[in-house]
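Participant: Structure file my_file23.pdb, PDB, C-alpha atoms and all ligand atoms, is pasted below:
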ATOM      1  CA  MET R   1     -47.491-193.241-111.076  1.00  0.00           C
ATOM      2  CA  ARG R   2     -50.737-192.948-112.991  1.00  0.00           C
ATOM      3  CA  PHE R   3     -51.181-193.673-116.694  1.00  0.00           C
ATOM      4  CA  HIS R   4     -54.325-192.341-118.345  1.00  0.00           C
ATOM      5  CA  ILE R   5     -55.019-193.826-121.765  1.00  0.00           C
ATOM      6  CA  MET R   6     -57.269-192.216-124.356  1.00  0.00           C
ATOM      7  CA  THR R   7     -58.255-194.807-126.956  1.00  0.00           C
ATOM      8  CA  LEU R   8     -61.042-196.055-129.214  1.00  0.00           C
ATOM      9  CA  PHE R   9     -60.129-199.650-128.299  1.00  0.00           C
ATOM     10  CA  PRO R  10     -60.001-199.949-124.511  1.00  0.00           C
ATOM     11  CA  GLU R  11     -60.158-203.759-124.527  1.00  0.00           C
ATOM     12  CA  ILE R  12     -56.687-204.016-126.059  1.00  0.00           C
ATOM     13  CA  PHE R  13     -55.088-203.018-122.750  1.00  0.00           C
ATOM     14  CA  ASN R  14     -56.762-205.542-120.465  1.00  0.00           C
ATOM     15  CA  SER R  15     -54.877-208.710-121.347  1.00  0.00           C
ATOM     16  CA  TYR R  16     -51.413-207.173-121.229  1.00  0.00           C
ATOM     17  CA  MET R  17     -51.993-205.253-118.009  1.00  0.00           C
ATOM     18  CA  ASN R  18     -53.464-208.340-116.336  1.00  0.00           C
ATOM     19  CA  GLU R  19     -50.387-210.547-116.619  1.00  0.00           C
ATOM     20  CA  SER R  20     -47.004-210.918-115.011  1.00  0.00           C
ATOM     21  CA  ILE R  21     -45.008-207.887-113.873  1.00  0.00           C
ATOM     22  CA  MET R  22     -47.536-205.274-115.035  1.00  0.00           C
ATOM     23  CA  LYS R  23     -50.305-207.001-113.089  1.00  0.00           C
ATOM     24  CA  ARG R  24     -48.134-207.206-109.981  1.00  0.00           C
ATOM     25  CA  ALA R  25     -47.202-203.505-110.254  1.00  0.00           C
ATOM     26  CA  VAL R  26     -50.880-202.550-110.431  1.00  0.00           C
ATOM     27  CA  GLU R  27     -51.782-204.842-107.512  1.00  0.00           C
ATOM     28  CA  LYS R  28     -48.964-203.387-105.418  1.00  0.00           C
ATOM     29  CA  GLY R  29     -50.382-199.931-106.145  1.00  0.00           C
ATOM     30  CA  ILE R  30     -47.119-198.703-107.696  1.00  0.00           C
ATOM     31  CA  ILE R  31     -48.787-197.936-111.002  1.00  0.00           C
ATOM     32  CA  GLU R  32     -52.378-197.136-111.842  1.00  0.00           C
ATOM     33  CA  VAL R  33     -53.782-197.488-115.358  1.00  0.00           C
ATOM     34  CA  ASN R  34     -56.991-195.661-116.230  1.00  0.00           C
ATOM     35  CA  ILE R  35     -58.508-196.293-119.625  1.00  0.00           C
ATOM     36  CA  TYR R  36     -60.913-193.921-121.332  1.00  0.00           C
ATOM     37  CA  ASN R  37     -62.933-194.695-124.435  1.00  0.00           C
ATOM     38  CA  ILE R  38     -62.843-191.546-126.570  1.00  0.00           C
ATOM     39  CA  ARG R  39     -66.136-192.593-128.173  1.00  0.00           C
ATOM     40  CA  ASP R  40     -67.924-192.230-124.804  1.00  0.00           C
ATOM     41  CA  PHE R  41     -67.146-188.504-124.929  1.00  0.00           C
ATOM     42  CA  SER R  42     -68.502-187.852-128.432  1.00  0.00           C
ATOM     43  CA  ASN R  43     -71.286-185.266-128.572  1.00  0.00           C
ATOM     44  CA  ASN R  44     -72.479-186.692-131.880  1.00  0.00           C
ATOM     45  CA  LYS R  45     -75.788-188.509-131.662  1.00  0.00           C
ATOM     46  CA  HIS R  46     -74.244-191.536-133.413  1.00  0.00           C
ATOM     47  CA  LYS R  47     -71.094-191.321-131.262  1.00  0.00           C
ATOM     48  CA  LYS R  48     -69.060-190.541-134.345  1.00  0.00           C
ATOM     49  CA  VAL R  49     -65.376-189.825-133.683  1.00  0.00           C
ATOM     50  CA  ASP R  50     -63.957-189.324-137.190  1.00  0.00           C
ATOM     51  CA  ASP R  51     -64.658-187.452-140.404  1.00  0.00           C
ATOM     52  CA  TYR R  52     -63.332-186.861-143.915  1.00  0.00           C
ATOM     53  CA  PRO R  53     -60.160-184.775-144.217  1.00  0.00           C
ATOM     54  CA  PHE R  54     -60.541-181.178-145.415  1.00  0.00           C
ATOM     55  CA  GLY R  55     -58.687-180.881-148.694  1.00  0.00           C
ATOM     56  CA  GLY R  56     -59.487-184.452-149.619  1.00  0.00           C
ATOM     57  CA  GLY R  57     -57.281-187.494-149.548  1.00  0.00           C
ATOM     58  CA  ALA R  58     -57.414-191.030-148.272  1.00  0.00           C
ATOM     59  CA  GLY R  59     -58.787-192.145-144.924  1.00  0.00           C
ATOM     60  CA  MET R  60     -60.567-190.519-142.034  1.00  0.00           C
ATOM     61  CA  VAL R  61     -59.326-188.119-139.384  1.00  0.00           C
ATOM     62  CA  MET R  62     -60.252-188.260-135.682  1.00  0.00           C
ATOM     63  CA  THR R  63     -62.280-185.168-134.774  1.00  0.00           C
ATOM     64  CA  PRO R  64     -61.084-182.853-131.991  1.00  0.00           C
ATOM     65  CA  GLN R  65     -64.195-182.612-129.757  1.00  0.00           C
ATOM     66  CA  PRO R  66     -64.293-186.163-128.297  1.00  0.00           C
ATOM     67  CA  ILE R  67     -60.531-186.150-127.683  1.00  0.00           C
ATOM     68  CA  TYR R  68     -60.587-182.744-126.016  1.00  0.00           C
ATOM     69  CA  ASP R  69     -63.492-183.712-123.767  1.00  0.00           C
ATOM     70  CA  THR R  70     -61.776-186.965-122.751  1.00  0.00           C
ATOM     71  CA  TYR R  71     -58.647-184.970-121.900  1.00  0.00           C
ATOM     72  CA  LYS R  72     -60.616-182.395-119.913  1.00  0.00           C
ATOM     73  CA  HIS R  73     -62.355-185.159-117.980  1.00  0.00           C
ATOM     74  CA  ILE R  74     -59.011-186.773-117.109  1.00  0.00           C
ATOM     75  CA  ILE R  75     -57.276-183.618-115.905  1.00  0.00           C
ATOM     76  CA  ASP R  76     -60.345-182.480-113.939  1.00  0.00           C
ATOM     77  CA  THR R  77     -61.101-185.788-112.211  1.00  0.00           C
ATOM     78  CA  HIS R  78     -57.455-186.403-111.306  1.00  0.00           C
ATOM     79  CA  ASN R  79     -56.621-182.797-110.594  1.00  0.00           C
ATOM     80  CA  ILE R  80     -53.632-182.795-112.950  1.00  0.00           C
ATOM     81  CA  LYS R  81     -51.994-179.370-112.965  1.00  0.00           C
ATOM     82  CA  GLU R  82     -49.282-179.674-115.622  1.00  0.00           C
ATOM     83  CA  PRO R  83     -50.474-182.462-117.879  1.00  0.00           C
ATOM     84  CA  ARG R  84     -47.930-184.434-119.930  1.00  0.00           C
ATOM     85  CA  VAL R  85     -49.826-185.675-122.954  1.00  0.00           C
ATOM     86  CA  VAL R  86     -48.016-188.146-125.179  1.00  0.00           C
ATOM     87  CA  TYR R  87     -49.370-188.699-128.673  1.00  0.00           C
ATOM     88  CA  LEU R  88     -48.134-191.971-130.185  1.00  0.00           C
ATOM     89  CA  THR R  89     -47.255-191.344-133.815  1.00  0.00           C
ATOM     90  CA  PRO R  90     -44.656-192.447-136.364  1.00  0.00           C
ATOM     91  CA  LYS R  91     -43.871-188.711-136.753  1.00  0.00           C
ATOM     92  CA  GLY R  92     -42.684-188.489-133.135  1.00  0.00           C
ATOM     93  CA  LYS R  93     -39.268-188.725-131.525  1.00  0.00           C
ATOM     94  CA  THR R  94     -38.077-192.338-131.476  1.00  0.00           C
ATOM     95  CA  HIS R  95     -38.591-193.906-128.068  1.00  0.00           C
ATOM     96  CA  ASN R  96     -35.524-194.953-126.084  1.00  0.00           C
ATOM     97  CA  GLN R  97     -34.338-195.866-122.589  1.00  0.00           C
ATOM     98  CA  THR R  98     -33.569-192.238-121.672  1.00  0.00           C
ATOM     99  CA  ILE R  99     -37.126-191.125-122.477  1.00  0.00           C
ATOM    100  CA  ALA R 100     -38.486-194.079-120.479  1.00  0.00           C
ATOM    101  CA  SER R 101     -36.250-193.186-117.553  1.00  0.00           C
ATOM    102  CA  ASP R 102     -37.213-189.489-117.615  1.00  0.00           C
ATOM    103  CA  MET R 103     -40.915-190.308-117.771  1.00  0.00           C
ATOM    104  CA  SER R 104     -40.661-192.804-114.913  1.00  0.00           C
ATOM    105  CA  LYS R 105     -40.214-189.783-112.614  1.00  0.00           C
ATOM    106  CA  LEU R 106     -43.597-188.233-113.485  1.00  0.00           C
ATOM    107  CA  ASP R 107     -46.776-188.583-111.401  1.00  0.00           C
ATOM    108  CA  ASP R 108     -49.184-188.673-114.348  1.00  0.00           C
ATOM    109  CA  VAL R 109     -48.818-189.455-118.037  1.00  0.00           C
ATOM    110  CA  ILE R 110     -51.724-189.142-120.450  1.00  0.00           C
ATOM    111  CA  LEU R 111     -51.371-191.313-123.560  1.00  0.00           C
ATOM    112  CA  LEU R 112     -53.300-190.477-126.709  1.00  0.00           C
ATOM    113  CA  CYS R 113     -53.776-193.354-129.146  1.00  0.00           C
ATOM    114  CA  GLY R 114     -54.667-192.356-132.684  1.00  0.00           C
ATOM    115  CA  HIS R 115     -56.380-194.364-135.373  1.00  0.00           C
ATOM    116  CA  TYR R 116     -57.346-193.993-139.009  1.00  0.00           C
ATOM    117  CA  GLU R 117     -55.151-191.479-140.845  1.00  0.00           C
ATOM    118  CA  GLY R 118     -54.453-189.467-137.714  1.00  0.00           C
ATOM    119  CA  ILE R 119     -56.002-186.825-135.495  1.00  0.00           C
ATOM    120  CA  ASP R 120     -56.964-183.222-136.154  1.00  0.00           C
ATOM    121  CA  GLN R 121     -53.810-181.073-135.898  1.00  0.00           C
ATOM    122  CA  ARG R 122     -55.533-178.622-133.537  1.00  0.00           C
ATOM    123  CA  ILE R 123     -55.663-181.292-130.831  1.00  0.00           C
ATOM    124  CA  ILE R 124     -51.910-181.756-131.166  1.00  0.00           C
ATOM    125  CA  ASP R 125     -51.355-177.986-131.004  1.00  0.00           C
ATOM    126  CA  LEU R 126     -53.708-177.620-128.036  1.00  0.00           C
ATOM    127  CA  ILE R 127     -52.978-180.478-125.637  1.00  0.00           C
ATOM    128  CA  VAL R 128     -50.058-182.665-126.794  1.00  0.00           C
ATOM    129  CA  THR R 129     -46.714-182.088-125.056  1.00  0.00           C
ATOM    130  CA  ASP R 130     -44.748-185.049-126.472  1.00  0.00           C
ATOM    131  CA  GLU R 131     -44.986-186.953-129.760  1.00  0.00           C
ATOM    132  CA  ILE R 132     -43.366-190.374-129.580  1.00  0.00           C
ATOM    133  CA  SER R 133     -42.757-193.072-132.173  1.00  0.00           C
ATOM    134  CA  ILE R 134     -41.712-196.619-131.327  1.00  0.00           C
ATOM    135  CA  GLY R 135     -39.814-197.060-134.586  1.00  0.00           C
ATOM    136  CA  ASP R 136     -39.706-196.420-138.298  1.00  0.00           C
ATOM    137  CA  TYR R 137     -42.730-198.446-139.339  1.00  0.00           C
ATOM    138  CA  VAL R 138     -46.436-197.742-139.372  1.00  0.00           C
ATOM    139  CA  LEU R 139     -48.978-199.532-137.194  1.00  0.00           C
ATOM    140  CA  THR R 140     -52.765-199.418-137.416  1.00  0.00           C
ATOM    141  CA  GLY R 141     -53.061-197.517-134.142  1.00  0.00           C
ATOM    142  CA  GLY R 142     -51.291-196.133-131.099  1.00  0.00           C
ATOM    143  CA  GLU R 143     -52.385-198.860-128.682  1.00  0.00           C
ATOM    144  CA  LEU R 144     -49.360-201.164-129.016  1.00  0.00           C
ATOM    145  CA  PRO R 145     -46.970-198.195-128.822  1.00  0.00           C
ATOM    146  CA  ALA R 146     -48.806-197.001-125.677  1.00  0.00           C
ATOM    147  CA  LEU R 147     -48.358-200.420-124.065  1.00  0.00           C
ATOM    148  CA  ILE R 148     -44.678-200.381-124.987  1.00  0.00           C
ATOM    149  CA  LEU R 149     -44.299-196.992-123.341  1.00  0.00           C
ATOM    150  CA  ILE R 150     -46.130-198.103-120.199  1.00  0.00           C
ATOM    151  CA  ASP R 151     -44.030-201.258-119.913  1.00  0.00           C
ATOM    152  CA  SER R 152     -40.696-199.552-120.534  1.00  0.00           C
ATOM    153  CA  ILE R 153     -41.507-196.760-118.046  1.00  0.00           C
ATOM    154  CA  SER R 154     -43.101-198.893-115.312  1.00  0.00           C
ATOM    155  CA  ARG R 155     -40.245-201.362-114.972  1.00  0.00           C
ATOM    156  CA  LEU R 156     -37.934-198.463-114.074  1.00  0.00           C
ATOM    157  CA  ILE R 157     -40.095-197.375-111.133  1.00  0.00           C
ATOM    158  CA  SER R 158     -38.778-198.465-107.762  1.00  0.00           C
ATOM    159  CA  GLY R 159     -40.548-201.595-106.485  1.00  0.00           C
ATOM    160  CA  VAL R 160     -41.878-202.801-109.831  1.00  0.00           C
ATOM    161  CA  LEU R 161     -39.060-205.270-110.483  1.00  0.00           C
ATOM    162  CA  ASN R 162     -37.795-207.482-107.713  1.00  0.00           C
ATOM    163  CA  GLN R 163     -34.082-208.030-107.011  1.00  0.00           C
ATOM    164  CA  ASP R 164     -33.759-210.899-109.517  1.00  0.00           C
ATOM    165  CA  GLU R 165     -35.288-208.818-112.265  1.00  0.00           C
ATOM    166  CA  SER R 166     -33.087-205.796-111.649  1.00  0.00           C
ATOM    167  CA  PHE R 167     -32.289-203.581-114.607  1.00  0.00           C
ATOM    168  CA  GLU R 168     -28.880-202.392-113.404  1.00  0.00           C
ATOM    169  CA  GLU R 169     -26.906-204.563-115.823  1.00  0.00           C
ATOM    170  CA  GLU R 170     -29.258-204.809-118.758  1.00  0.00           C
ATOM    171  CA  SER R 171     -28.904-203.535-122.315  1.00  0.00           C
ATOM    172  CA  PHE R 172     -28.711-199.737-122.725  1.00  0.00           C
ATOM    173  CA  SER R 173     -28.109-199.070-119.025  1.00  0.00           C
ATOM    174  CA  ASN R 174     -24.464-198.261-119.904  1.00  0.00           C
ATOM    175  CA  ASP R 175     -24.899-197.784-123.663  1.00  0.00           C
ATOM    176  CA  LEU R 176     -23.817-201.387-124.196  1.00  0.00           C
ATOM    177  CA  LEU R 177     -25.912-204.398-125.154  1.00  0.00           C
ATOM    178  CA  GLU R 178     -26.149-207.138-122.593  1.00  0.00           C
ATOM    179  CA  TYR R 179     -23.828-210.176-122.430  1.00  0.00           C
ATOM    180  CA  PRO R 180     -25.213-213.705-123.146  1.00  0.00           C
ATOM    181  CA  HIS R 181     -26.869-215.763-120.408  1.00  0.00           C
ATOM    182  CA  TYR R 182     -26.656-219.492-119.684  1.00  0.00           C
ATOM    183  CA  THR R 183     -28.476-221.775-117.261  1.00  0.00           C
ATOM    184  CA  ARG R 184     -28.788-225.525-116.649  1.00  0.00           C
ATOM    185  CA  PRO R 185     -28.041-227.976-118.155  1.00  0.00           C
ATOM    186  CA  ARG R 186     -24.289-227.582-118.592  1.00  0.00           C
ATOM    187  CA  GLU R 187     -24.532-229.358-121.911  1.00  0.00           C
ATOM    188  CA  PHE R 188     -27.427-229.059-124.367  1.00  0.00           C
ATOM    189  CA  MET R 189     -27.339-230.659-127.839  1.00  0.00           C
ATOM    190  CA  GLU R 190     -23.557-230.986-127.480  1.00  0.00           C
ATOM    191  CA  MET R 191     -23.237-227.269-126.783  1.00  0.00           C
ATOM    192  CA  THR R 192     -21.498-226.363-123.548  1.00  0.00           C
ATOM    193  CA  VAL R 193     -21.531-223.357-121.226  1.00  0.00           C
ATOM    194  CA  PRO R 194     -18.377-221.145-121.374  1.00  0.00           C
ATOM    195  CA  ASP R 195     -15.925-222.497-118.752  1.00  0.00           C
ATOM    196  CA  VAL R 196     -15.394-219.122-117.112  1.00  0.00           C
ATOM    197  CA  LEU R 197     -19.044-219.028-115.950  1.00  0.00           C
ATOM    198  CA  LEU R 198     -18.490-222.288-114.053  1.00  0.00           C
ATOM    199  CA  SER R 199     -15.177-221.174-112.556  1.00  0.00           C
ATOM    200  CA  GLY R 200     -16.560-219.381-109.515  1.00  0.00           C
ATOM    201  CA  ASN R 201     -14.037-216.576-110.181  1.00  0.00           C
ATOM    202  CA  HIS R 202     -16.228-213.484-109.976  1.00  0.00           C
ATOM    203  CA  LYS R 203     -13.614-211.091-111.260  1.00  0.00           C
ATOM    204  CA  LYS R 204     -12.990-213.257-114.344  1.00  0.00           C
ATOM    205  CA  ILE R 205     -16.750-213.635-114.891  1.00  0.00           C
ATOM    206  CA  GLU R 206     -17.234-209.900-114.756  1.00  0.00           C
ATOM    207  CA  GLU R 207     -14.388-209.370-117.220  1.00  0.00           C
ATOM    208  CA  TRP R 208     -15.818-211.974-119.618  1.00  0.00           C
ATOM    209  CA  ARG R 209     -19.285-210.414-119.456  1.00  0.00           C
ATOM    210  CA  ASN R 210     -17.919-206.959-120.104  1.00  0.00           C
ATOM    211  CA  ASP R 211     -15.825-208.211-123.052  1.00  0.00           C
ATOM    212  CA  GLU R 212     -18.881-209.960-124.510  1.00  0.00           C
ATOM    213  CA  SER R 213     -20.992-206.803-124.092  1.00  0.00           C
ATOM    214  CA  VAL R 214     -18.380-204.769-125.921  1.00  0.00           C
ATOM    215  CA  ARG R 215     -17.958-207.394-128.682  1.00  0.00           C
ATOM    216  CA  ILE R 216     -21.701-207.706-129.315  1.00  0.00           C
ATOM    217  CA  THR R 217     -22.308-203.959-129.222  1.00  0.00           C
ATOM    218  CA  LYS R 218     -19.419-203.277-131.628  1.00  0.00           C
ATOM    219  CA  GLU R 219     -20.706-205.922-134.012  1.00  0.00           C
ATOM    220  CA  ARG R 220     -24.428-205.138-133.932  1.00  0.00           C
ATOM    221  CA  ARG R 221     -24.696-201.502-132.924  1.00  0.00           C
ATOM    222  CA  PRO R 222     -21.608-199.505-133.901  1.00  0.00           C
ATOM    223  CA  ASP R 223     -23.612-196.331-133.198  1.00  0.00           C
ATOM    224  CA  LEU R 224     -24.118-197.346-129.547  1.00  0.00           C
ATOM    225  CA  TYR R 225     -20.515-198.506-129.249  1.00  0.00           C
ATOM    226  CA  LYS R 226     -19.251-195.076-130.328  1.00  0.00           C
ATOM    227  CA  LYS R 227     -21.440-193.475-127.663  1.00  0.00           C
ATOM    228  CA  ALA R 228     -20.203-195.878-124.986  1.00  0.00           C
ATOM    229  CA  CYS R 229     -16.572-195.003-125.794  1.00  0.00           C
ATOM    230  CA  LYS R 230     -17.153-191.300-125.137  1.00  0.00           C
TER     231      LYS R 230
HETATM  232  N1  LIG Q 301     -48.882-195.272-134.580  1.00  0.00           N
HETATM  233  C1  LIG Q 301     -48.738-195.907-135.761  1.00  0.00           C
HETATM  234  N2  LIG Q 301     -47.479-196.280-135.962  1.00  0.00           N
HETATM  235  C2  LIG Q 301     -46.761-195.862-134.874  1.00  0.00           C
HETATM  236  C3  LIG Q 301     -45.403-195.933-134.491  1.00  0.00           C
HETATM  237  N3  LIG Q 301     -44.472-196.508-135.243  1.00  0.00           N
HETATM  238  N4  LIG Q 301     -45.057-195.386-133.312  1.00  0.00           N
HETATM  239  C4  LIG Q 301     -45.970-194.780-132.535  1.00  0.00           C
HETATM  240  N5  LIG Q 301     -47.269-194.684-132.845  1.00  0.00           N
HETATM  241  C5  LIG Q 301     -47.663-195.222-134.004  1.00  0.00           C
END
Could I get this file's structure written as structure tokens?
Facilitator:
Amino acid sequence: MRFHIMTLFPEIFNSYMNESIMKRAVEKGIIEVNIYNIRDFSNNKHKKVDDYPFGGGAGMVMTPQPIYDTYKHIIDTHNIKEPRVVYLTPKGKTHNQTIASDMSKLDDVILLCGHYEGIDQRIIDLIVTDEISIGDYVLTGGELPALILIDSISRLISGVLNQDESFEEESFSNDLLEYPHYTRPREFMEMTVPDVLLSGNHKKIEEWRNDESVRITKERRPDLYKKACK
């Protein structure tokens, strides 16, 4: 799967993509991450990428030309026929595990990171297919949300996680939050591990984990619990 990122701050992506599971996925060739600096595509002699909003108001707006030319370059060089272009914005649909799972089946995803007050609406009307928010709060730009999308999508692609890191039992996979985990030592600061986990009785362990999942979900996320009961 190929991610193509349109951004004014390409450096932001390097450190995250060069560590741990993301790095391994890139090295294995399971994912590819191409980063494009929108400023490089500006026709303006000063490489300007923003301007004052028509109608007045606070802040600057990203102009359409550099974004459109970056987009055109991406779809032409990679021969992308039906581009999925995700614009990261607090106005978008809230990201979740189902969206991540659906997107993990695509060959190419183009991510558009905004800055300043936003981007010219005509770019959204012209090229954007999906608007996604990562939650009800406002960030300074779309770069962190883009990384969150890439991470949440990539780990669902076959071969990215190894057996130990499997996502079969994790939170949201069955609309329940995950049960608590314990490892060595058996006692830490006078706190012990639940006996059942040391019992070797796999059926009992499974029951305990399921009960804990249900208890935690009911307590913390009644909305999810309702969904799980359906
Ligand atoms: N850009 C700024 N804030 C954002 C958010 N919450 N989600 C996605 N993109 C954003």
Participant: Need to verify the contact set: R:Gly92, 6 Å, all atoms listed in the file, exclusion of same-chain residues closer than 6 positions in sequence. Can you return it as a PyMOL selection string?
Facilitator: chain R and resi 131-133
Participant: Neighbours of ligand LIG 301 (chain Q) at 7 Å or closer, counting only C-alpha atoms and all ligand atoms: which residues, as a list in words?
Facilitator: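 Those residues are Leu88, Thr89, Pro90, Gly114, Ile132, Ser133, Ile134, Gly135, Asp136, Tyr137, Val138, Leu139, Thr140, Gly141, Gly142 and Pro145 of chain R.
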Participant: Apply the PyMOL selection byres (((chain R and resi 111) around 9) and not hetatm) to the file shown and report the selected residues as a ChimeraX atom specification.
Facilitator: /R:3-7,84-88,109-110,112-113,142,146
Participant: Please, could you write that set of residues out with C-alpha atoms as a JSON list (two decimals), in the coordinates of the input?
Facilitator:
[["chain", "number", "residue", "atom", "x", "y", "z"],
["R", 3, "PHE", "CA", -51.18, -193.67, -116.69],
["R", 4, "HIS", "CA", -54.32, -192.34, -118.34],
["R", 5, "ILE", "CA", -55.02, -193.83, -121.76],
["R", 6, "MET", "CA", -57.27, -192.22, -124.36],
["R", 7, "THR", "CA", -58.26, -194.81, -126.96],
["R", 84, "ARG", "CA", -47.93, -184.43, -119.93],
["R", 85, "VAL", "CA", -49.83, -185.68, -122.95],
["R", 86, "VAL", "CA", -48.02, -188.15, -125.18],
["R", 87, "TYR", "CA", -49.37, -188.70, -128.67],
["R", 88, "LEU", "CA", -48.13, -191.97, -130.18],
["R", 109, "VAL", "CA", -48.82, -189.46, -118.04],
["R", 110, "ILE", "CA", -51.72, -189.14, -120.45],
["R", 112, "LEU", "CA", -53.30, -190.48, -126.71],
["R", 113, "CYS", "CA", -53.78, -193.35, -129.15],
["R", 142, "GLY", "CA", -51.29, -196.13, -131.10],
["R", 146, "ALA", "CA", -48.81, -197.00, -125.68]]
Participant: Any idea what the distance is between atom CA of R:Tyr16 and atom CA of R:Leu147?
Facilitator: 7.9 Å
Participant: List every protein, DNA or RNA residue that has an atom no more than 12 Å from (-24.9, -201.7, -116.0) in the file's coordinate frame, counting all atoms listed in the file, and report them as a list in words.
Facilitator: Ser166, Phe167, Glu168, Glu169, Glu170, Ser171, Phe172, Ser173, Asn174, Asp175, Leu176, Leu177, Glu178, Tyr179, Glu206, Arg209, Asn210, Ser213 and Ala228 of chain R
Participant: In Å, with one decimal, what is the gap from atom CA of R:Ala100 to atom CA of R:Ile157?
Facilitator: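 About the pair atom CA of R:Ala100 and atom CA of R:Ile157: they are 10.0 Å apart.
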Participant: In Å to one decimal, how far is atom CA of R:Leu126 from atom CA of R:Asp69?
Facilitator: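 Going from atom CA of R:Asp69 over to atom CA of R:Leu126, I get 12.3 Å.
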Participant: Env of R:Glu82: 12 Å cut, atoms = all atoms listed in the file, seq-sep filter 3 positions within chain, self excluded. Answer as a list in words.
Facilitator: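 In the requested format, the answer is Ile75, Asp76, His78, Asn79, Val85, Leu106, Asp107, Asp108, Val109, Ile110, Ile127, Val128 and Thr129 of chain R.
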Participant: Pick out the closest residue to R:Thr98 from this set: R:Ile148, R:Tyr116, R:Asp51, R:Leu156. Count all atoms listed in the file.
Facilitator: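 Between R:Ile148, R:Tyr116, R:Asp51, R:Leu156, the residue approaching R:Thr98 most closely is R:Leu156.
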Participant: Applying the PyMOL selection byres (((chain R and resi 151) around 12) and not hetatm) to the file I just gave you, which residues come out? Please list them as a PyMOL selection string.
Facilitator: chain R and resi 3+13+16-17+19-23+25-26+31+33+97+100-101+103-104+144-150+152-157+160-161
Participant: Which polymer residues, whether protein, DNA or RNA, lie within 8 Å of the coordinate (-65.4, -190.2, -127.7) when you count only C-alpha atoms? List them as a ChimeraX atom specification, using the chain letters and numbers from the file.
Facilitator: /R:8,37-43,47-49,65-67,69-70
Participant: Fewer than 6 positions away in the same chain doesn't count, so skip those; otherwise give me all residues within 9 Å of R:Asp120, counting all atoms listed in the file, as a PyMOL selection string.
Facilitator: chain R and resi 53+61-64
Participant: Padding 6 Å on each side, edges along x, y and z: where is the centre of the box around the listed atoms of stretch 89-104 of chain R, and how long are its edges in Å to one decimal? Output it as JSON.
Facilitator:
{"center_x": -40.4, "center_y": -192.2, "center_z": -125.8, "size_x": 25.7, "size_y": 19.4, "size_z": 33.8}
Participant: Determine the nearest neighbour of R:Lys91 from the options R:Tyr71, R:Gly29, R:Asp130, R:Leu224, counting all atoms listed in the file.
Facilitator: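 When distances to R:Lys91 are compared using all atoms listed in the file, the smallest one comes from R:Asp130.
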Participant: Determine the nearest neighbour of R:Gly159 from the options R:Ile12, R:Ile30, R:Leu197, R:Met60, counting all atoms listed in the file.
Facilitator: R:Ile30
